[in-house]
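Engineer: Provided below: data03.txt, containing compact mmCIF, C-alpha atoms and all ligand atoms.
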# COMPACT_ATOMS: atom_id res chain seq x y z
CA MET X 1 0.00 0.00 0.00
CA SER X 2 1.37 3.40 -0.86
CA SER X 3 1.72 6.03 1.85
CA TYR X 4 -0.39 9.15 2.06
CA PHE X 5 -0.88 12.31 4.08
CA LYS X 6 -4.34 13.54 4.84
CA CYS X 7 -5.16 16.86 6.51
CA ASN X 8 -8.70 17.50 7.51
CA ASP X 9 -9.77 21.05 8.37
CA VAL X 10 -6.60 21.82 10.32
CA SER X 11 -6.57 25.24 12.01
CA LYS X 12 -4.11 26.83 14.39
CA THR X 13 -4.41 29.94 16.47
CA TYR X 14 -1.41 30.66 18.69
CA PRO X 15 -2.14 31.85 22.21
CA LYS X 16 -2.57 35.62 21.90
CA GLY X 17 -1.63 35.25 18.26
CA GLN X 18 -3.56 35.53 15.05
CA MET X 19 -4.91 32.54 13.16
CA ALA X 20 -1.89 30.93 11.45
CA LEU X 21 -3.82 28.14 9.67
CA ARG X 22 -7.44 28.25 8.54
CA GLY X 23 -9.10 24.95 7.69
CA VAL X 24 -6.20 23.34 5.84
CA THR X 25 -7.53 20.31 3.98
CA PHE X 26 -5.66 18.14 1.49
CA GLU X 27 -4.62 14.61 0.68
CA ILE X 28 -1.32 13.80 -1.02
CA PRO X 29 0.64 10.62 -1.67
CA ALA X 30 3.68 10.51 0.61
CA SER X 31 6.21 9.86 -2.11
CA GLY X 32 8.87 11.88 -3.90
CA ILE X 33 9.27 15.54 -2.97
CA PHE X 34 6.44 17.76 -1.84
CA SER X 35 7.14 21.50 -1.65
CA LEU X 36 5.02 23.89 0.33
CA ILE X 37 5.43 27.42 -0.98
CA GLY X 38 4.16 30.71 0.33
CA ARG X 39 5.40 34.08 1.48
CA ASN X 40 6.72 34.78 4.98
CA GLY X 41 3.97 34.41 7.54
CA ALA X 42 1.81 32.21 5.27
CA GLY X 43 1.82 29.46 7.91
CA LYS X 44 4.35 27.02 6.38
CA THR X 45 6.36 26.44 9.55
CA THR X 46 3.18 26.05 11.59
CA LEU X 47 1.87 23.38 9.21
CA VAL X 48 5.20 21.53 9.05
CA ARG X 49 5.46 21.44 12.85
CA ILE X 50 1.93 20.09 13.17
CA LEU X 51 2.55 17.36 10.56
CA ALA X 52 5.82 16.45 12.24
CA THR X 53 3.96 16.04 15.59
CA GLU X 54 5.85 18.92 17.21
CA LEU X 55 2.85 21.19 17.61
CA MET X 56 -0.83 20.57 18.34
CA PRO X 57 -3.38 22.14 15.99
CA SER X 58 -6.27 24.09 17.54
CA SER X 59 -8.64 21.84 15.59
CA GLY X 60 -8.63 19.33 12.76
CA ASP X 61 -7.19 15.88 12.06
CA VAL X 62 -4.04 14.62 10.38
CA PHE X 63 -3.64 11.07 9.16
CA ILE X 64 -0.51 9.42 7.83
CA ASP X 65 -1.26 6.01 6.35
CA GLY X 66 -4.43 5.83 8.38
CA VAL X 67 -2.72 6.67 11.69
CA ASP X 68 -4.31 9.60 13.50
CA ILE X 69 -1.09 11.45 14.33
CA ILE X 70 -2.76 14.03 16.58
CA LYS X 71 -4.26 11.38 18.86
CA ASP X 72 -1.44 8.89 18.53
CA PRO X 73 1.80 10.74 17.68
CA ASP X 74 4.07 8.10 19.22
CA SER X 75 3.11 5.50 16.67
CA ILE X 76 4.43 7.63 13.79
CA ARG X 77 7.42 9.43 15.36
CA LYS X 78 9.89 6.68 14.49
CA ARG X 79 9.13 7.28 10.82
CA ILE X 80 9.54 11.08 11.02
CA ALA X 81 12.62 13.31 11.12
CA ILE X 82 12.71 17.09 10.79
CA ILE X 83 15.14 19.93 10.20
CA PRO X 84 13.39 22.92 11.77
CA GLN X 85 13.66 26.30 10.09
CA GLU X 86 15.96 27.69 12.78
CA ALA X 87 18.21 24.59 13.00
CA ARG X 88 21.97 25.15 12.93
CA ALA X 89 24.78 22.63 13.22
CA ILE X 90 26.20 23.04 16.74
CA SER X 91 29.41 24.99 16.25
CA TRP X 92 31.61 23.10 18.73
CA LEU X 93 30.73 19.63 17.42
CA THR X 94 32.15 17.95 14.32
CA PRO X 95 29.91 16.67 11.50
CA MET X 96 30.70 13.14 12.65
CA GLN X 97 29.61 13.95 16.21
CA THR X 98 26.53 15.81 14.99
CA VAL X 99 25.21 12.94 12.91
CA THR X 100 26.16 10.25 15.43
CA THR X 101 24.46 12.13 18.28
CA PHE X 102 21.29 12.47 16.24
CA LEU X 103 21.26 8.72 15.55
CA LEU X 104 21.94 7.83 19.20
CA TYR X 105 19.12 10.14 20.25
CA ARG X 106 16.84 8.24 17.88
CA GLY X 107 17.79 4.98 19.54
CA MET X 108 20.49 3.54 17.30
CA LYS X 109 23.32 1.54 18.90
CA TYR X 110 26.69 3.35 19.16
CA ALA X 111 28.74 1.15 16.80
CA GLU X 112 26.02 1.20 14.17
CA ALA X 113 25.49 4.96 14.56
CA LYS X 114 29.21 5.63 14.01
CA ALA X 115 29.43 3.40 10.97
CA ARG X 116 26.26 4.82 9.49
CA SER X 117 27.44 8.42 10.08
CA ARG X 118 30.76 7.81 8.31
CA GLU X 119 28.97 6.19 5.41
CA VAL X 120 26.45 9.00 4.93
CA LEU X 121 29.00 11.81 5.36
CA LYS X 122 30.97 10.10 2.61
CA GLU X 123 27.90 9.84 0.39
CA LEU X 124 27.31 13.58 0.80
CA GLY X 125 30.92 14.48 0.03
CA LEU X 126 31.75 15.55 3.59
CA THR X 127 34.49 13.03 4.43
CA SER X 128 37.28 15.61 4.33
CA VAL X 129 35.54 17.78 6.95
CA ALA X 130 33.94 14.98 8.99
CA ASP X 131 36.21 15.53 11.98
CA LYS X 132 36.58 19.31 11.83
CA LEU X 133 34.49 21.61 13.99
CA ASN X 134 31.19 22.63 12.36
CA ARG X 135 32.05 26.27 12.89
CA THR X 136 34.97 25.95 10.45
CA LEU X 137 32.69 24.67 7.65
CA SER X 138 31.15 26.72 4.84
CA GLY X 139 27.45 27.60 5.00
CA GLY X 140 26.63 24.96 2.41
CA GLN X 141 28.59 22.27 4.25
CA LYS X 142 26.90 23.13 7.56
CA ARG X 143 23.49 22.74 5.95
CA LYS X 144 24.56 19.43 4.44
CA VAL X 145 25.54 18.16 7.89
CA LEU X 146 21.94 18.65 9.04
CA VAL X 147 20.65 16.88 5.94
CA ALA X 148 23.16 14.07 6.55
CA ALA X 149 21.58 13.42 9.95
CA LEU X 150 18.18 12.91 8.34
CA VAL X 151 19.61 10.78 5.55
CA ALA X 152 21.39 8.57 8.10
CA SER X 153 18.29 8.08 10.24
CA ASP X 154 15.82 5.27 9.68
CA ALA X 155 12.98 7.78 9.20
CA ASP X 156 11.22 7.61 5.84
CA ILE X 157 9.24 10.87 6.17
CA LEU X 158 11.61 13.84 6.17
CA PHE X 159 10.57 17.41 6.86
CA MET X 160 12.90 20.24 5.91
CA ASP X 161 11.76 23.77 6.62
CA GLU X 162 13.52 26.09 4.16
CA PRO X 163 16.61 23.89 3.74
CA THR X 164 18.11 26.07 1.00
CA THR X 165 17.33 29.57 2.28
CA GLY X 166 20.41 31.76 2.27
CA LEU X 167 22.65 29.29 0.47
CA ASP X 168 24.77 30.33 -2.50
CA PRO X 169 23.65 28.96 -5.91
CA ILE X 170 26.25 26.19 -6.03
CA SER X 171 25.47 24.89 -2.55
CA ARG X 172 21.78 25.00 -3.42
CA ALA X 173 22.34 22.99 -6.58
CA GLU X 174 24.36 20.43 -4.60
CA LEU X 175 21.57 20.12 -2.08
CA TRP X 176 19.04 19.65 -4.90
CA ASP X 177 21.11 16.73 -6.18
CA ILE X 178 21.16 15.19 -2.72
CA LEU X 179 17.39 15.58 -2.33
CA SER X 180 16.70 14.16 -5.80
CA GLU X 181 18.71 11.08 -4.88
CA LEU X 182 17.13 10.84 -1.44
CA LYS X 183 13.56 10.95 -2.69
CA LYS X 184 13.99 7.57 -4.35
CA ASN X 185 13.37 5.85 -1.03
CA LYS X 186 12.13 8.57 1.33
CA PHE X 187 9.33 11.10 1.29
CA ILE X 188 10.59 14.68 1.52
CA PHE X 189 8.27 17.46 2.64
CA LEU X 190 10.01 20.79 2.26
CA THR X 191 9.15 24.43 2.39
CA THR X 192 10.79 27.06 0.25
CA HIS X 193 10.19 30.50 -1.10
CA TYR X 194 12.35 29.87 -4.15
CA LEU X 195 9.69 29.12 -6.72
CA GLU X 196 12.00 27.89 -9.47
CA GLU X 197 13.49 25.49 -6.95
CA ALA X 198 10.08 24.07 -6.06
CA GLU X 199 9.20 23.73 -9.74
CA ARG X 200 12.41 21.96 -10.67
CA LEU X 201 12.64 19.68 -7.66
CA SER X 202 9.14 18.68 -6.63
CA ASP X 203 6.75 15.98 -7.64
CA ARG X 204 3.94 17.93 -6.00
CA ILE X 205 3.52 21.50 -4.80
CA GLY X 206 1.15 23.18 -2.40
CA ILE X 207 0.51 26.93 -2.35
CA LEU X 208 -0.19 28.26 1.13
CA ASP X 209 -1.43 31.81 1.45
CA GLN X 210 -2.65 33.47 4.65
CA GLY X 211 -3.13 30.12 6.34
CA GLU X 212 -5.09 28.54 3.50
CA ILE X 213 -4.10 26.01 0.85
CA LYS X 214 -4.90 27.77 -2.42
CA ALA X 215 -3.79 24.98 -4.73
CA ILE X 216 -2.09 21.62 -4.47
CA GLY X 217 -0.93 19.01 -6.96
CA THR X 218 1.58 18.28 -9.68
CA MET X 219 2.82 21.08 -11.95
CA SER X 220 0.31 19.99 -14.58
CA ASP X 221 -2.52 20.02 -11.99
CA LEU X 222 -1.52 23.59 -11.09
CA ARG X 223 -1.23 24.65 -14.74
CA ALA X 224 -4.76 23.38 -15.27
CA MET X 225 -5.97 25.94 -12.72
CA VAL X 226 -4.95 28.98 -14.78
CA PRO X 227 -6.86 29.88 -17.93
CA LYS X 228 -3.77 30.79 -19.98
CA LYS X 229 -1.30 27.97 -20.49
CA TYR X 230 1.66 29.73 -22.12
CA SER X 231 3.74 32.82 -21.67
CA ILE X 232 5.38 34.70 -24.52
CA SER X 233 8.41 36.87 -23.79
CA LEU X 234 10.19 39.25 -26.14
CA ILE X 235 13.91 38.63 -26.11
CA ASP X 236 14.75 41.03 -28.92
CA ARG X 237 17.06 43.76 -27.67
CA ASP X 238 17.03 45.83 -30.85
CA HIS X 239 13.45 46.98 -30.48
CA GLY X 240 11.75 48.69 -27.55
CA SER X 241 8.21 47.43 -27.92
CA VAL X 242 5.74 45.93 -30.35
CA GLU X 243 2.01 46.31 -30.83
CA ILE X 244 0.30 42.97 -30.41
CA GLU X 245 -2.00 42.14 -33.29
CA ASN X 246 -4.91 40.45 -31.57
CA ASN X 247 -5.63 42.93 -28.79
CA GLY X 248 -3.77 46.07 -29.79
CA SER X 249 -1.83 46.28 -26.54
CA LEU X 250 1.78 47.28 -26.44
CA MET X 251 4.28 44.63 -25.43
CA LYS X 252 7.62 45.80 -24.11
CA ILE X 253 10.98 44.03 -24.19
CA GLY X 254 11.30 41.81 -21.12
CA SER X 255 7.56 41.82 -20.49
CA ARG X 256 5.45 38.70 -20.71
CA ILE X 257 2.08 38.03 -22.17
CA PHE X 258 -0.11 35.10 -21.11
CA VAL X 259 -1.97 33.32 -23.87
CA ASP X 260 -3.98 30.22 -24.70
CA ASP X 261 -3.20 27.93 -27.68
CA ASN X 262 -5.00 30.01 -30.31
CA GLU X 263 -3.58 33.32 -29.18
CA ALA X 264 -0.11 31.78 -29.03
CA TYR X 265 -0.42 30.86 -32.69
CA VAL X 266 -1.71 34.27 -33.82
CA ILE X 267 0.81 36.27 -31.80
CA ALA X 268 3.76 34.06 -32.73
CA ARG X 269 2.94 34.45 -36.42
CA ASP X 270 2.63 38.21 -35.96
CA LEU X 271 5.99 38.44 -34.15
CA ILE X 272 7.69 36.32 -36.81
CA ASN X 273 6.32 38.57 -39.55
CA LYS X 274 7.62 41.61 -37.70
CA ASN X 275 11.02 39.97 -37.21
CA PHE X 276 10.89 39.99 -33.43
CA ARG X 277 12.72 37.32 -31.44
CA PHE X 278 10.63 35.78 -28.69
CA SER X 279 10.16 32.67 -26.57
CA ILE X 280 7.05 30.65 -25.77
CA ASN X 281 6.95 28.61 -22.57
CA PRO X 282 4.39 26.80 -20.47
CA VAL X 283 3.45 29.08 -17.56
CA SER X 284 5.95 28.69 -14.72
CA LEU X 285 5.21 28.04 -11.07
CA GLU X 286 6.04 31.69 -10.44
CA ASP X 287 3.37 32.75 -12.94
CA ILE X 288 0.86 30.38 -11.37
CA TYR X 289 1.75 31.46 -7.84
CA TYR X 290 1.17 35.12 -8.60
CA SER X 291 -1.95 34.29 -10.51
CA ILE X 292 -3.41 32.37 -7.59
CA ALA X 293 -2.14 34.70 -4.88
CA ARG X 294 -2.90 37.91 -6.81
CA LYS X 295 -5.08 36.92 -9.77
CA GLU X 296 -2.89 38.29 -12.54
CA ILE X 297 -2.96 35.68 -15.28
CA GLY X 298 -5.97 35.07 -17.42
CA GLY X 299 -9.16 36.89 -18.08
CA GLU X 300 -8.79 39.65 -20.63
CA GLU X 301 -5.85 41.47 -19.09
CA GLY X 302 -3.09 39.38 -20.58
CA VAL X 303 -0.23 41.84 -20.75
CA GLN X 304 1.99 42.27 -17.73
CA ASP X 305 5.08 44.35 -17.01
N1 LIG G 1 5.03 30.77 18.33
C1 LIG G 1 4.20 31.66 17.79
N2 LIG G 1 3.39 32.45 18.56
C2 LIG G 1 2.54 33.33 18.00
N3 LIG G 1 2.40 33.52 16.68
C3 LIG G 1 3.17 32.79 15.85
C4 LIG G 1 4.11 31.82 16.35
N4 LIG G 1 4.72 31.23 15.29
C5 LIG G 1 4.18 31.80 14.19
N5 LIG G 1 3.26 32.73 14.51
C6 LIG G 1 2.45 33.53 13.57
O1 LIG G 1 1.73 32.63 12.73
C7 LIG G 1 1.74 33.07 11.39
C8 LIG G 1 2.37 32.00 10.49
O2 LIG G 1 3.74 31.87 10.83
P1 LIG G 1 4.68 30.74 10.23
O3 LIG G 1 3.98 29.42 10.34
O4 LIG G 1 5.99 30.86 10.87
O5 LIG G 1 4.74 31.15 8.67
P2 LIG G 1 5.87 30.89 7.56
O6 LIG G 1 6.68 29.73 8.01
O7 LIG G 1 5.11 30.64 6.30
O8 LIG G 1 6.68 32.15 7.48
C9 LIG G 1 2.49 34.40 11.38
O9 LIG G 1 1.54 35.43 11.46
C10 LIG G 1 3.32 34.33 12.63
O10 LIG G 1 3.57 35.61 13.14
MG MG G 2 8.68 29.47 8.27
For the file at hand, write its structure as structure tokens.
Ligand SMILES: Nc1ncnc2c1ncn2[C@@H]1O[C@H](COP(=O)(O)OP(=O)(O)O)[C@@H](O)[C@H]1O
Ligand SMILES: [Mg+2]
Structural biologist:
Amino acid sequence: MSSYFKCNDVSKTYPKGQMALRGVTFEIPASGIFSLIGRNGAGKTTLVRILATELMPSSGDVFIDGVDIIKDPDSIRKRIAIIPQEARAISWLTPMQTVTTFLLYRGMKYAEAKARSREVLKELGLTSVADKLNRTLSGGQKRKVLVAALVASDADILFMDEPTTGLDPISRAELWDILSELKKNKFIFLTTHYLEEAERLSDRIGILDQGEIKAIGTMSDLRAMVPKKYSISLIDRDHGSVEIENNGSLMKIGSRIFVDDNEAYVIARDLINKNFRFSINPVSLEDIYYSIARKEIGGEEGVQD
């Protein structure tokens, strides 16, 4: 039987705080990579902590493979590991000590924990720094040490709250490779506000806005929610702008226009005739996100700056 996550009308109001989650309801298969996206304050961390059994919701139910994890968190905890948003590798420990300690804490025997830590640090390319103090490592290496602890654990449901925030592009790309490999036998639930990262990496994506799930599914499920399926961009630097044939609006260099199949055909032909260079792409997650959060794509107002 394949694993799944089911959230039923989950709400959370912090004591003296505002409502962080409002009736979050969804069901997703617990396989591959799921990315929860949303701006700061959307409620991502709150939702992750509830799913990881660290925080009680004010109301609602969560089931993982039929287990009610609010009523019976202990029966699922062995399968769950989390890197909280604020997690940092302890500066005066080494990567080896960090990973081993995590495994011991989860109940692994010492000899096995040590062997497993060495093995995983090697897999993640950290052997040369395994016995140096964490504080001497680069930002990317420190983050990888935290990921190594999850990889080494026996948990098969891994939560990572903004694992790539603040990393340089190369470290991010390295982490993506690690996660892509890891998802083959573990379920990864991550949050990010890098939309191109979510699009590239994830099997499924959820959009959280002001405590509500606005959309959830595969990229093609999300694309199906917006009326216009393609974006056309002008990439011609020799011209400033062009008048679009079908609606008379002015399209500037660098701006995008959202179109359906027919419009794409008409406009592309027009741009070719006028000798403009352009690109046509399926709408990106970023386009969809802004459309759903701010209602910009679709309808009659196709042209955007
Ligand atoms: N411990 C807390 N006490 C009170 N309010 C909180 C607490 N944690 C988060 N909040 C509030 O809940 C909302 C959602 O926060 P959070 O889940 O951290 O969002 P995100 O991770 O998407 O940035 C915000 O308005 C935030 O200020
Ligand atoms: Mg957060």
Engineer: Just want the 12 Å neighbourhood of Ser138 (chain X), counted on all atoms listed in the file, with same-chain residues fewer than 5 positions away dropped. Output as a PDB file with C-alpha atoms, in the coordinates of the input.
Structural biologist:
ATOM      1  CA  ALA X  89      24.780  22.630  13.220  1.00  0.00           C
ATOM      2  CA  SER X  91      29.410  24.990  16.250  1.00  0.00           C
ATOM      3  CA  LEU X 126      31.750  15.550   3.590  1.00  0.00           C
ATOM      4  CA  VAL X 129      35.540  17.780   6.950  1.00  0.00           C
ATOM      5  CA  LYS X 132      36.580  19.310  11.830  1.00  0.00           C
ATOM      6  CA  LEU X 133      34.490  21.610  13.990  1.00  0.00           C
ATOM      7  CA  ARG X 143      23.490  22.740   5.950  1.00  0.00           C
ATOM      8  CA  LYS X 144      24.560  19.430   4.440  1.00  0.00           C
ATOM      9  CA  VAL X 145      25.540  18.160   7.890  1.00  0.00           C
ATOM     10  CA  LEU X 167      22.650  29.290   0.470  1.00  0.00           C
ATOM     11  CA  ASP X 168      24.770  30.330  -2.500  1.00  0.00           C
ATOM     12  CA  ILE X 170      26.250  26.190  -6.030  1.00  0.00           C
ATOM     13  CA  SER X 171      25.470  24.890  -2.550  1.00  0.00           C
TER      14      SER X 171
END
Engineer: Report the centre and edge lengths, in Å to one decimal, of an axis-aligned box enclosing every atom of ligand LIG 1 (chain G) listed in the file, padded by 8 Å on each side, as lines of an AutoDock Vina configuration file.
Structural biologist:
center_x = 4.1
center_y = 32.5
center_z = 12.4
size_x = 21.1
size_y = 22.2
size_z = 28.3
Engineer: Throw together the list of residues within 10 Å of ligand LIG 1 (chain G), counting only C-alpha atoms and all ligand atoms, and drop it here as an mmCIF file with C-alpha atoms, in the coordinates of the input.
Structural biologist:
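For reference, selection38.cif as written:
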data_model
loop_
_atom_site.group_PDB
_atom_site.id
_atom_site.type_symbol
_atom_site.label_atom_id
_atom_site.label_comp_id
_atom_site.auth_asym_id
_atom_site.auth_seq_id
_atom_site.Cartn_x
_atom_site.Cartn_y
_atom_site.Cartn_z
ATOM 1 C CA LYS X 12 -4.110 26.830 14.390
ATOM 2 C CA THR X 13 -4.410 29.940 16.470
ATOM 3 C CA TYR X 14 -1.410 30.660 18.690
ATOM 4 C CA PRO X 15 -2.140 31.850 22.210
ATOM 5 C CA LYS X 16 -2.570 35.620 21.900
ATOM 6 C CA GLY X 17 -1.630 35.250 18.260
ATOM 7 C CA GLN X 18 -3.560 35.530 15.050
ATOM 8 C CA MET X 19 -4.910 32.540 13.160
ATOM 9 C CA ALA X 20 -1.890 30.930 11.450
ATOM 10 C CA LEU X 21 -3.820 28.140 9.670
ATOM 11 C CA LEU X 36 5.020 23.890 0.330
ATOM 12 C CA ILE X 37 5.430 27.420 -0.980
ATOM 13 C CA GLY X 38 4.160 30.710 0.330
ATOM 14 C CA ARG X 39 5.400 34.080 1.480
ATOM 15 C CA ASN X 40 6.720 34.780 4.980
ATOM 16 C CA GLY X 41 3.970 34.410 7.540
ATOM 17 C CA ALA X 42 1.810 32.210 5.270
ATOM 18 C CA GLY X 43 1.820 29.460 7.910
ATOM 19 C CA LYS X 44 4.350 27.020 6.380
ATOM 20 C CA THR X 45 6.360 26.440 9.550
ATOM 21 C CA THR X 46 3.180 26.050 11.590
ATOM 22 C CA LEU X 47 1.870 23.380 9.210
ATOM 23 C CA VAL X 48 5.200 21.530 9.050
ATOM 24 C CA ARG X 49 5.460 21.440 12.850
ATOM 25 C CA ILE X 50 1.930 20.090 13.170
ATOM 26 C CA LEU X 55 2.850 21.190 17.610
ATOM 27 C CA GLN X 85 13.660 26.300 10.090
ATOM 28 C CA ASP X 161 11.760 23.770 6.620
ATOM 29 C CA GLU X 162 13.520 26.090 4.160
ATOM 30 C CA THR X 191 9.150 24.430 2.390
ATOM 31 C CA THR X 192 10.790 27.060 0.250
ATOM 32 C CA HIS X 193 10.190 30.500 -1.100
ATOM 33 C CA LEU X 208 -0.190 28.260 1.130
ATOM 34 C CA ASP X 209 -1.430 31.810 1.450
ATOM 35 C CA GLN X 210 -2.650 33.470 4.650
ATOM 36 C CA GLY X 211 -3.130 30.120 6.340
#
Engineer: Report, in Å to a single decimal, how far apart CA of Leu201 (chain X) and CA of Ser180 (chain X) are.
Structural biologist: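 Computing the Euclidean distance for CA of Ser180 (chain X) and CA of Leu201 (chain X) yields 7.1 Å.
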Engineer: Between X:Leu175, X:Val120, X:Ala87, X:Leu222, which one has atoms that come closest to Ser291 (chain X), using only C-alpha atoms?
Structural biologist: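 Ranked by minimum distance to Ser291 (chain X), first place goes to X:Leu222.
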Engineer: Can you tell me how far CA of Leu271 (chain X) sits from CA of Ile235 (chain X), in Å to one decimal?
Structural biologist: 11.3 Å
Engineer: Any idea what the distance is between CA of Thr53 (chain X) and CA of Ile90 (chain X)?
Structural biologist: 23.3 Å
Engineer: Using only C-alpha atoms and all ligand atoms, pick whichever of X:Ile83, X:Leu124, X:Leu93, X:Val147 has the shortest atom-to-atom distance to ligand MG 2 (chain G).
Structural biologist: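 For ligand MG 2 (chain G), the nearest of the candidates is X:Ile83.
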Engineer: Can you work out which one of X:Lys252, X:Lys186, X:Arg135, X:Arg277 has the shortest atom-to-atom distance to Arg79 (chain X), counting only C-alpha atoms?
Structural biologist: X:Lys186
Engineer: So, with all atoms listed in the file as the atoms that count, which of X:Ile28, X:Leu158, X:Leu190, X:Ala52 lies closest to ligand MG 2 (chain G)?
Structural biologist: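 Looking at the shortest contact to ligand MG 2 (chain G), the residue is X:Leu190.
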Engineer: Could you tell me which of X:Ile64, X:Val266, X:Ala173, X:Val283 comes closest to Ser231 (chain X) if we count all atoms listed in the file?
Structural biologist: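 Smallest separation from Ser231 (chain X) among the options: X:Val283.
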Engineer: Select, from X:Thr98, X:Gly32, X:Arg116, X:Pro163, the residue with the minimum atom-to-atom distance to ligand MG 2 (chain G), counting all atoms listed in the file.
Structural biologist: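 Under the stated criterion, the closest residue is X:Pro163.
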Engineer: Could you give me, as CSV, a per-residue list for region 49-88 of chain X showing, wherever an atom lies at most 12 Å from an atom of region 22-25 of chain X, the closest pair of atoms and their distance in Å to one decimal, using all atoms listed in the file and sorting by chain then residue number from low to high?
Structural biologist:
residue,atom,partner,partner_atom,distance
X:Ile50,CA,X:Val24,CA,11.4
X:Leu51,CA,X:Val24,CA,11.6
X:Pro57,CA,X:Arg22,CA,10.5
X:Ser58,CA,X:Arg22,CA,10.0
X:Ser59,CA,X:Gly23,CA,8.5
X:Gly60,CA,X:Gly23,CA,7.6
X:Asp61,CA,X:Thr25,CA,9.2
X:Val62,CA,X:Thr25,CA,9.2
X:Phe63,CA,X:Thr25,CA,11.3
Engineer: Considering only C-alpha atoms, return as a PyMOL selection string whatever protein or nucleic-acid residues lie within 12 Å of Phe276 (chain X), sequence-local ones (same chain, fewer than 2 positions apart) excluded.
Structural biologist: chain X and resi 232-244+251-253+267-274+278-279
Engineer: Complete the atom set of region 25-42 of chain X to N, CA and C atoms and return it as a tab-separated table (two decimals), in the frame of the given file.
Structural biologist:
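Saved to part08.tsv:
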chain	number	residue	atom	x	y	z
X	25	THR	N	-7.02	21.63	4.35
X	25	THR	CA	-7.53	20.31	3.98
X	25	THR	C	-6.86	19.86	2.70
X	26	PHE	N	-6.23	18.70	2.71
X	26	PHE	CA	-5.66	18.14	1.49
X	26	PHE	C	-5.32	16.68	1.69
X	27	GLU	N	-5.11	15.99	0.61
X	27	GLU	CA	-4.62	14.61	0.68
X	27	GLU	C	-3.56	14.46	-0.41
X	28	ILE	N	-2.38	13.99	-0.03
X	28	ILE	CA	-1.32	13.80	-1.02
X	28	ILE	C	-0.65	12.44	-0.79
X	29	PRO	N	-0.16	11.82	-1.86
X	29	PRO	CA	0.64	10.62	-1.67
X	29	PRO	C	1.96	11.00	-1.02
X	30	ALA	N	2.41	10.21	-0.07
X	30	ALA	CA	3.68	10.51	0.61
X	30	ALA	C	4.81	9.85	-0.15
X	31	SER	N	5.08	10.40	-1.33
X	31	SER	CA	6.21	9.86	-2.11
X	31	SER	C	6.87	11.01	-2.87
X	32	GLY	N	8.14	10.84	-3.17
X	32	GLY	CA	8.87	11.88	-3.90
X	32	GLY	C	9.08	13.11	-3.04
X	33	ILE	N	9.06	14.28	-3.69
X	33	ILE	CA	9.27	15.54	-2.97
X	33	ILE	C	8.01	16.38	-3.05
X	34	PHE	N	7.55	16.82	-1.89
X	34	PHE	CA	6.44	17.76	-1.84
X	34	PHE	C	6.99	19.10	-1.36
X	35	SER	N	6.70	20.17	-2.09
X	35	SER	CA	7.14	21.50	-1.65
X	35	SER	C	5.96	22.37	-1.28
X	36	LEU	N	6.04	22.94	-0.10
X	36	LEU	CA	5.02	23.89	0.33
X	36	LEU	C	5.60	25.29	0.11
X	37	ILE	N	4.92	26.08	-0.71
X	37	ILE	CA	5.43	27.42	-0.98
X	37	ILE	C	4.45	28.46	-0.44
X	38	GLY	N	4.99	29.63	-0.21
X	38	GLY	CA	4.16	30.71	0.33
X	38	GLY	C	5.06	31.76	0.93
X	39	ARG	N	4.56	32.98	0.98
X	39	ARG	CA	5.40	34.08	1.48
X	39	ARG	C	5.62	33.94	2.98
X	40	ASN	N	6.48	34.78	3.54
X	40	ASN	CA	6.72	34.78	4.98
X	40	ASN	C	5.42	35.03	5.72
X	41	GLY	N	5.18	34.23	6.74
X	41	GLY	CA	3.97	34.41	7.54
X	41	GLY	C	2.76	33.67	6.99
X	42	ALA	N	2.93	32.94	5.88
X	42	ALA	CA	1.81	32.21	5.27
X	42	ALA	C	1.30	31.08	6.17
